[in-house]
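Visitor: Have a peek at query.cif (mmCIF, C-alpha atoms).
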```
data_my_file
loop_
_atom_site.group_PDB
_atom_site.id
_atom_site.type_symbol
_atom_site.label_atom_id
_atom_site.label_comp_id
_atom_site.auth_asym_id
_atom_site.auth_seq_id
_atom_site.Cartn_x
_atom_site.Cartn_y
_atom_site.Cartn_z
ATOM 1 C CA LEU A 1 -13.229 10.889 4.572
ATOM 2 C CA VAL A 2 -13.023 10.884 0.783
ATOM 3 C CA GLN A 3 -10.334 8.623 -0.619
ATOM 4 C CA LEU A 4 -8.758 8.682 -4.034
ATOM 5 C CA HIS A 5 -8.270 5.076 -5.150
ATOM 6 C CA SER A 6 -5.361 3.779 -7.223
ATOM 7 C CA CYS A 7 -4.490 6.997 -8.978
ATOM 8 C CA SER A 8 -1.072 6.781 -10.618
ATOM 9 C CA GLU A 9 1.962 8.636 -9.346
ATOM 10 C CA VAL A 10 1.984 10.651 -12.597
ATOM 11 C CA GLU A 11 -1.603 11.804 -11.996
ATOM 12 C CA LEU A 12 -0.824 12.648 -8.378
ATOM 13 C CA ARG A 13 2.191 14.712 -9.419
ATOM 14 C CA GLU A 14 0.086 16.618 -11.989
ATOM 15 C CA GLY A 15 -1.866 17.865 -8.982
ATOM 16 C CA ARG A 16 -5.346 18.242 -10.479
ATOM 17 C CA VAL A 17 -6.906 15.407 -8.472
ATOM 18 C CA ILE A 18 -5.263 16.603 -5.282
ATOM 19 C CA ASP A 19 -6.467 20.151 -5.922
ATOM 20 C CA ALA A 20 -10.023 18.873 -6.479
ATOM 21 C CA LEU A 21 -9.920 16.983 -3.173
ATOM 22 C CA LYS A 22 -8.572 20.031 -1.355
ATOM 23 C CA ARG A 23 -11.400 22.147 -2.808
ATOM 24 C CA ALA A 24 -13.941 19.569 -1.622
ATOM 25 C CA ARG A 25 -12.475 19.766 1.877
ATOM 26 C CA LYS A 26 -12.393 23.587 1.823
ATOM 27 C CA ARG A 27 -16.061 23.673 0.755
ATOM 28 C CA GLY A 28 -17.004 21.376 3.612
ATOM 29 C CA TYR A 29 -17.926 18.348 1.506
ATOM 30 C CA THR A 30 -15.457 16.234 3.481
ATOM 31 C CA ARG A 31 -13.408 16.675 6.628
ATOM 32 C CA TYR A 32 -10.507 14.495 5.472
ATOM 33 C CA ILE A 33 -8.930 13.392 2.217
ATOM 34 C CA GLY A 34 -7.017 10.201 1.670
ATOM 35 C CA TYR A 35 -5.168 8.166 -0.903
ATOM 36 C CA SER A 36 -5.603 4.439 -1.458
ATOM 37 C CA GLY A 37 -2.804 2.680 -3.269
ATOM 38 C CA ASP A 38 0.608 1.121 -3.042
ATOM 39 C CA GLY A 39 4.190 1.419 -4.220
ATOM 40 C CA ALA A 40 5.711 4.607 -5.599
ATOM 41 C CA ALA A 41 2.326 6.338 -5.876
ATOM 42 C CA ALA A 42 1.619 5.744 -2.183
ATOM 43 C CA LEU A 43 5.094 6.961 -1.302
ATOM 44 C CA TYR A 44 4.441 10.165 -3.240
ATOM 45 C CA ALA A 45 1.036 10.532 -1.560
ATOM 46 C CA VAL A 46 2.785 10.443 1.812
ATOM 47 C CA GLU A 47 5.629 12.714 0.745
ATOM 48 C CA CYS A 48 3.459 15.412 -0.866
ATOM 49 C CA GLY A 49 1.740 16.278 2.418
ATOM 50 C CA ALA A 50 -1.737 16.648 0.954
ATOM 51 C CA PHE A 51 -3.420 13.595 2.466
ATOM 52 C CA ASP A 52 -4.787 12.927 5.930
ATOM 53 C CA THR A 53 -4.971 9.162 5.433
ATOM 54 C CA LEU A 54 -3.382 6.395 3.432
ATOM 55 C CA GLN A 55 -5.107 3.106 2.660
ATOM 56 C CA THR A 56 -2.521 0.550 1.592
ATOM 57 C CA SER A 57 -1.901 -3.187 1.460
ATOM 58 C CA VAL A 58 -0.411 -4.535 4.691
ATOM 59 C CA ASN A 59 -0.401 -8.226 5.566
ATOM 60 C CA ILE A 60 1.812 -11.263 5.997
ATOM 61 C CA ALA A 61 2.136 -11.614 2.198
ATOM 62 C CA ASP A 62 2.296 -7.914 1.322
ATOM 63 C CA GLN A 63 4.870 -5.968 3.320
ATOM 64 C CA GLU A 64 6.330 -3.492 0.834
ATOM 65 C CA ALA A 65 4.656 -0.596 2.671
ATOM 66 C CA LEU A 66 6.495 -1.421 5.893
ATOM 67 C CA ASP A 67 9.836 -0.842 4.233
ATOM 68 C CA LEU A 68 8.884 1.856 1.735
ATOM 69 C CA PHE A 69 6.750 4.498 3.464
ATOM 70 C CA LEU A 70 4.954 3.551 6.697
ATOM 71 C CA SER A 71 7.541 5.123 8.976
ATOM 72 C CA LEU A 72 7.264 8.366 6.991
ATOM 73 C CA ALA A 73 3.452 8.227 7.277
ATOM 74 C CA VAL A 74 3.841 7.914 11.056
ATOM 75 C CA GLU A 75 6.292 10.815 11.108
ATOM 76 C CA ARG A 76 3.832 12.955 9.148
ATOM 77 C CA ASN A 77 0.854 11.952 11.316
ATOM 78 C CA ILE A 78 -1.044 10.317 8.457
ATOM 79 C CA GLY A 79 -3.727 7.834 9.455
ATOM 80 C CA VAL A 80 -2.995 4.415 7.952
ATOM 81 C CA ILE A 81 -5.753 2.019 6.926
ATOM 82 C CA ALA A 82 -4.561 -1.502 6.116
ATOM 83 C CA LYS A 83 -6.355 -3.095 3.191
ATOM 84 C CA ARG A 84 -6.368 -6.868 2.676
ATOM 85 C CA PRO A 85 -5.107 -7.418 6.242
ATOM 86 C CA LEU A 86 -5.750 -11.165 6.022
ATOM 87 C CA ALA A 87 -4.051 -11.654 2.628
ATOM 88 C CA ASN A 88 -7.370 -12.960 1.306
ATOM 89 C CA ILE A 89 -6.867 -16.018 3.574
ATOM 90 C CA ALA A 90 -4.966 -17.389 0.567
ATOM 91 C CA TRP A 91 -3.323 -20.190 2.568
ATOM 92 C CA HIS A 92 -6.609 -21.949 3.399
ATOM 93 C CA ASN A 93 -6.705 -23.627 -0.025
ATOM 94 C CA GLY A 94 -3.648 -25.725 0.799
ATOM 95 C CA ASP A 95 -2.059 -26.954 -2.442
ATOM 96 C CA ARG A 96 -4.759 -25.420 -4.638
ATOM 97 C CA PRO A 97 -4.367 -21.724 -5.496
ATOM 98 C CA PRO A 98 -7.427 -19.488 -5.098
ATOM 99 C CA ASP A 99 -9.273 -18.342 -8.210
ATOM 100 C CA ASP A 100 -9.296 -14.617 -7.448
ATOM 101 C CA PHE A 101 -6.465 -12.337 -8.597
ATOM 102 C CA TYR A 102 -5.331 -11.118 -5.183
ATOM 103 C CA GLY A 103 -5.755 -14.473 -3.501
ATOM 104 C CA ARG A 104 -3.690 -16.247 -6.131
ATOM 105 C CA GLY A 105 -0.863 -13.707 -5.887
ATOM 106 C CA TYR A 106 -0.811 -13.986 -2.126
ATOM 107 C CA TRP A 107 -1.000 -17.791 -2.280
ATOM 108 C CA GLU A 108 2.052 -17.863 -4.569
ATOM 109 C CA ARG A 109 3.986 -15.657 -2.164
ATOM 110 C CA LEU A 110 2.931 -17.673 0.874
ATOM 111 C CA GLU A 111 4.009 -20.903 -0.824
ATOM 112 C CA LYS A 112 7.529 -19.448 -0.894
ATOM 113 C CA LEU A 113 7.393 -17.802 2.524
ATOM 114 C CA LYS A 114 6.238 -21.005 4.266
ATOM 115 C CA TYR A 115 5.331 -19.315 7.539
ATOM 116 C CA ARG A 116 4.993 -21.857 10.328
ATOM 117 C CA SER A 117 2.357 -19.598 11.897
ATOM 118 C CA LEU A 118 -0.004 -20.504 9.035
ATOM 119 C CA GLU A 119 0.022 -24.202 9.861
ATOM 120 C CA GLY A 120 -3.044 -25.413 11.687
ATOM 121 C CA ASP A 121 -6.603 -24.376 12.300
ATOM 122 C CA LEU A 122 -8.014 -21.631 10.034
ATOM 123 C CA LYS A 123 -9.409 -19.554 12.897
ATOM 124 C CA ALA A 124 -6.026 -19.537 14.681
ATOM 125 C CA THR A 125 -4.028 -18.780 11.539
ATOM 126 C CA ALA A 126 -6.396 -15.982 10.536
ATOM 127 C CA ALA A 127 -6.035 -14.529 14.035
ATOM 128 C CA THR A 128 -2.252 -14.547 13.691
ATOM 129 C CA ALA A 129 -2.438 -12.858 10.293
ATOM 130 C CA LEU A 130 -4.822 -10.165 11.539
ATOM 131 C CA ARG A 131 -2.831 -9.553 14.698
ATOM 132 C CA PHE A 132 0.323 -9.210 12.587
ATOM 133 C CA THR A 133 -1.255 -6.507 10.430
ATOM 134 C CA LEU A 134 -2.596 -4.585 13.407
ATOM 135 C CA SER A 135 0.775 -4.867 15.180
ATOM 136 C CA VAL A 136 2.557 -3.015 12.385
ATOM 137 C CA PRO A 137 3.724 0.356 13.726
ATOM 138 C CA GLY A 138 1.644 3.117 12.189
ATOM 139 C CA VAL A 139 -1.343 1.005 11.157
ATOM 140 C CA HIS A 140 -4.409 2.533 12.793
ATOM 141 C CA THR A 141 -7.184 0.328 11.448
ATOM 142 C CA ALA A 142 -7.840 -2.431 8.945
ATOM 143 C CA ILE A 143 -10.578 -3.227 6.469
ATOM 144 C CA VAL A 144 -11.600 -6.825 7.044
ATOM 145 C CA GLY A 145 -14.264 -8.021 4.656
ATOM 146 C CA THR A 146 -16.231 -11.232 4.950
ATOM 147 C CA ALA A 147 -19.316 -12.917 3.588
ATOM 148 C CA LYS A 148 -19.809 -14.754 6.903
ATOM 149 C CA PRO A 149 -21.169 -12.602 9.765
ATOM 150 C CA GLY A 150 -19.698 -14.967 12.379
ATOM 151 C CA ARG A 151 -16.226 -13.916 11.319
ATOM 152 C CA PHE A 152 -16.729 -10.486 12.886
ATOM 153 C CA SER A 153 -16.893 -12.000 16.367
ATOM 154 C CA GLU A 154 -13.935 -14.304 15.576
ATOM 155 C CA ASN A 155 -11.860 -11.294 14.518
ATOM 156 C CA ALA A 156 -12.880 -9.357 17.612
ATOM 157 C CA ALA A 157 -11.911 -12.320 19.801
ATOM 158 C CA ALA A 158 -8.545 -12.543 18.068
ATOM 159 C CA LEU A 159 -7.874 -8.872 18.719
ATOM 160 C CA GLU A 160 -8.729 -9.211 22.401
ATOM 161 C CA ALA A 161 -5.468 -11.149 22.671
ATOM 162 C CA GLY A 162 -3.655 -7.904 21.856
ATOM 163 C CA PRO A 163 -0.762 -7.290 19.503
ATOM 164 C CA LEU A 164 1.141 -10.243 18.115
ATOM 165 C CA PRO A 165 4.037 -11.081 20.454
ATOM 166 C CA LYS A 166 7.240 -9.336 19.381
ATOM 167 C CA ASP A 167 9.099 -12.571 18.666
ATOM 168 C CA ALA A 168 6.291 -13.840 16.401
ATOM 169 C CA PHE A 169 6.065 -10.461 14.634
ATOM 170 C CA ASP A 170 9.842 -10.338 14.182
ATOM 171 C CA MET A 171 9.916 -13.885 12.775
ATOM 172 C CA ILE A 172 7.350 -12.965 10.101
ATOM 173 C CA ARG A 173 9.297 -9.834 9.200
ATOM 174 C CA ALA A 174 12.615 -11.700 9.110
ATOM 175 C CA ARG A 175 11.173 -14.401 6.870
ATOM 176 C CA TRP A 176 9.792 -11.700 4.553
ATOM 177 C CA HIS A 177 13.234 -10.102 4.277
ATOM 178 C CA GLU A 178 14.829 -13.495 3.567
ATOM 179 C CA VAL A 179 12.388 -14.567 0.846
ATOM 180 C CA ALA A 180 10.553 -11.570 -0.640
ATOM 181 C CA GLN A 181 11.327 -10.822 -4.252
ATOM 182 C CA ALA A 182 11.650 -7.350 -5.741
ATOM 183 C CA SER A 183 8.511 -8.060 -7.790
ATOM 184 C CA TRP A 184 6.459 -8.482 -4.591
ATOM 185 C CA THR A 185 5.086 -4.984 -4.610
ATOM 186 C CA GLY A 186 1.900 -3.873 -2.902
ATOM 187 C CA GLN A 187 -1.203 -5.272 -4.569
ATOM 188 C CA THR A 188 -3.259 -2.244 -5.494
#
```
So that I can check it, write out the structure of this file as structure tokens.
Guide:
Amino acid sequence: LVQLHSCSEVELREGRVIDALKRARKRGYTRYIGYSGDGAAALYAVECGAFDTLQTSVNIADQEALDLFLSLAVERNIGVIAKRPLANIAWHNGDRPPDDFYGRGYWERLEKLKYRSLEGDLKATAATALRFTLSVPGVHTAIVGTAKPGRFSENAAALEAGPLPKDAFDMIRARWHEVAQASWTGQT
């Protein structure tokens, strides 16, 4: 899989980068081509029919994709890779926003969303966040990064519990629809 990362909608529409990826696939350099991005560019990537996969932001603090294009990706049989599925664990800082760009943005959103499911032990809240992302219809896999090897087994244990219960999933979605602002677009 070769993925094109964060290319603008204008560049996608020009077609040169898509043509180059198609040539690479035709020549056998890759079996699949994908797009990584969010918002209108990701919507175009799904609509244009050129890509096998879409890597996009999906998490408790970044749900634009769920409303904008995930159902179309499912309809078109595009593999969906969720990036930042744990929202950079932005809530673990409590009242102090994280220093990194994505973490701070997610922290600001989560301060307004005030999910009850993020109250309590970090391992349990991270499990809820990960299970939410992997319960989203159409999400096939997620990229979960960590600097602590022990987190891999914690994530695996969380996923053994299965999808997030429907009522918990629906509460997170409902809260998003109540609070999310138009400026809360996918963080590319």
Visitor: Using all atoms listed in the file, I'd like a table of the residues in region 50-113 of chain A that come within 6 Å of region 167-186 of chain A; for each, show the closest atom pair and its distance in Å rounded to one decimal, ordered by chain and ascending number, as a Markdown table.
Guide:
```
| residue | atom | partner | partner_atom | distance |
| --- | --- | --- | --- | --- |
| A:Ser57 | CA | A:Gly186 | CA | 5.8 |
| A:Asp62 | CA | A:Gly186 | CA | 5.9 |
| A:Glu64 | CA | A:Thr185 | CA | 5.8 |
```
Visitor: Assuming the chain letters and numbering stay as they are in my file, what does the PyMOL selection byres ((chain A and resi 89) around 10) actually select? List them as a ChimeraX atom specification.
Guide: /A:84-88,90-93,98,103,106-107,118,122,125-126,129
Visitor: Given the PyMOL selection byres ((chain A and resi 135) around 9) and the file above, list the residues it selects as a list of chain:residue names.
Guide: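 Expected selection for the PyMOL selection byres ((chain A and resi 135) around 9) here is A:Leu130, A:Arg131, A:Phe132, A:Thr133, A:Leu134, A:Val136, A:Pro137, A:Gly138, A:Val139, A:Gly162, A:Pro163, A:Leu164, A:Pro165, A:Lys166, A:Phe169.
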Visitor: Have a look at CA of Tyr115 (chain A) and CA of Ile60 (chain A) and let me know their distance in Å, one decimal.
Guide: 8.9 Å
Visitor: Which is closer to Ala161 (chain A) than all the others in A:Gly105, A:Ala124, A:Gln63, A:Gly39, using all atoms listed in the file?
Guide: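 Answer, going by the shortest atom-to-atom distance: A:Ala124.
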Visitor: Would you work out the distance separating CA of Thr141 (chain A) from CA of Lys83 (chain A), expressed in Å to one decimal?
Guide: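 Here the two named atoms are 9.0 Å from each other.
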Visitor: Enter the distance from CA of Phe51 (chain A) to CA of Ile33 (chain A), in Å, rounded to one decimal.
Guide: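 Those two atoms sit 5.5 Å apart.
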Visitor: With only C-alpha atoms as the basis for distance, which of A:Glu14, A:Glu119, A:Glu9, A:Glu47 is at the shortest distance from Phe69 (chain A)?
Guide: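 Smallest distance to Phe69 (chain A) is found for A:Glu47.
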Visitor: Of the residues A:Val80, A:Val74, A:Ala127, A:Ala42, which is the one nearest to Glu160 (chain A), using all atoms listed in the file?
Guide: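 Of A:Val80, A:Val74, A:Ala127, A:Ala42, the one nearest Glu160 (chain A), counting all atoms listed in the file, is A:Ala127.
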Visitor: Around the point (-14.3, 11.5, 7.3) in the file's coordinates, collect all residues with an atom within 12 Å, using all atoms listed in the file, and return them as a list in words.
Guide: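 Protein and nucleic acid residues near the point are Leu1, Val2, Gln3, Arg25, Gly28, Tyr29, Thr30, Arg31, Tyr32, Ile33, Gly34, Asp52, Thr53 and Gly79 of chain A.
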Visitor: Store the residues picked out above, limited to C-alpha atoms, as a PDB file, keeping the file's coordinate frame.
Guide:
```pdb
ATOM      1  CA  LEU A   1     -13.229  10.889   4.572  1.00  0.00           C
ATOM      2  CA  VAL A   2     -13.023  10.884   0.783  1.00  0.00           C
ATOM      3  CA  GLN A   3     -10.334   8.623  -0.619  1.00  0.00           C
ATOM      4  CA  ARG A  25     -12.475  19.766   1.877  1.00  0.00           C
ATOM      5  CA  GLY A  28     -17.004  21.376   3.612  1.00  0.00           C
ATOM      6  CA  TYR A  29     -17.926  18.348   1.506  1.00  0.00           C
ATOM      7  CA  THR A  30     -15.457  16.234   3.481  1.00  0.00           C
ATOM      8  CA  ARG A  31     -13.408  16.675   6.628  1.00  0.00           C
ATOM      9  CA  TYR A  32     -10.507  14.495   5.472  1.00  0.00           C
ATOM     10  CA  ILE A  33      -8.930  13.392   2.217  1.00  0.00           C
ATOM     11  CA  GLY A  34      -7.017  10.201   1.670  1.00  0.00           C
ATOM     12  CA  ASP A  52      -4.787  12.927   5.930  1.00  0.00           C
ATOM     13  CA  THR A  53      -4.971   9.162   5.433  1.00  0.00           C
ATOM     14  CA  GLY A  79      -3.727   7.834   9.455  1.00  0.00           C
TER      15      GLY A  79
END
```
Visitor: Which residue out of A:Thr188, A:Asn59, A:Ser117, A:Ser153 has the minimum interatomic distance to Ser8 (chain A) when all atoms listed in the file are used?
Guide: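 Closest to Ser8 (chain A), using all atoms listed in the file: A:Thr188.
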Visitor: (-4.9, 11.3, -8.1) in this file's frame - what residues fall within 10 Å of it? Use all atoms listed in the file and give the answer as a list in words.
Guide: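 With a cut-off of 10 Å, the residues come to Gln3, Leu4, His5, Ser6, Cys7, Ser8, Glu9, Val10, Glu11, Leu12, Arg13, Glu14, Gly15, Arg16, Val17, Ile18, Asp19, Ala20, Leu21, Tyr35, Ser36, Ala41 and Ala45 of chain A.
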Visitor: As lines of an AutoDock Vina configuration file, what would the box around region 47-62 of chain A look like: edges along x, y and z, 6 Å added on every side, centre and edge lengths in Å to one decimal?
Guide:
```
center_x = 0.3
center_y = 2.5
center_z = 2.6
size_x = 22.7
size_y = 40.3
size_z = 18.9
```
Visitor: Looking at all atoms listed in the file, which of A:Leu110, A:Ala147, A:Val46, A:Leu159 is the one that sits closest to Leu72 (chain A)?
Guide: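 Using all atoms listed in the file, the shortest distance to Leu72 (chain A) belongs to A:Val46.
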Visitor: From the options A:Asp95, A:Gly37, A:Gly49, A:Ile81, which residue's atoms come nearest to Ile143 (chain A), counting all atoms listed in the file?
Guide: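 Ranked by minimum distance to Ile143 (chain A), first place goes to A:Ile81.
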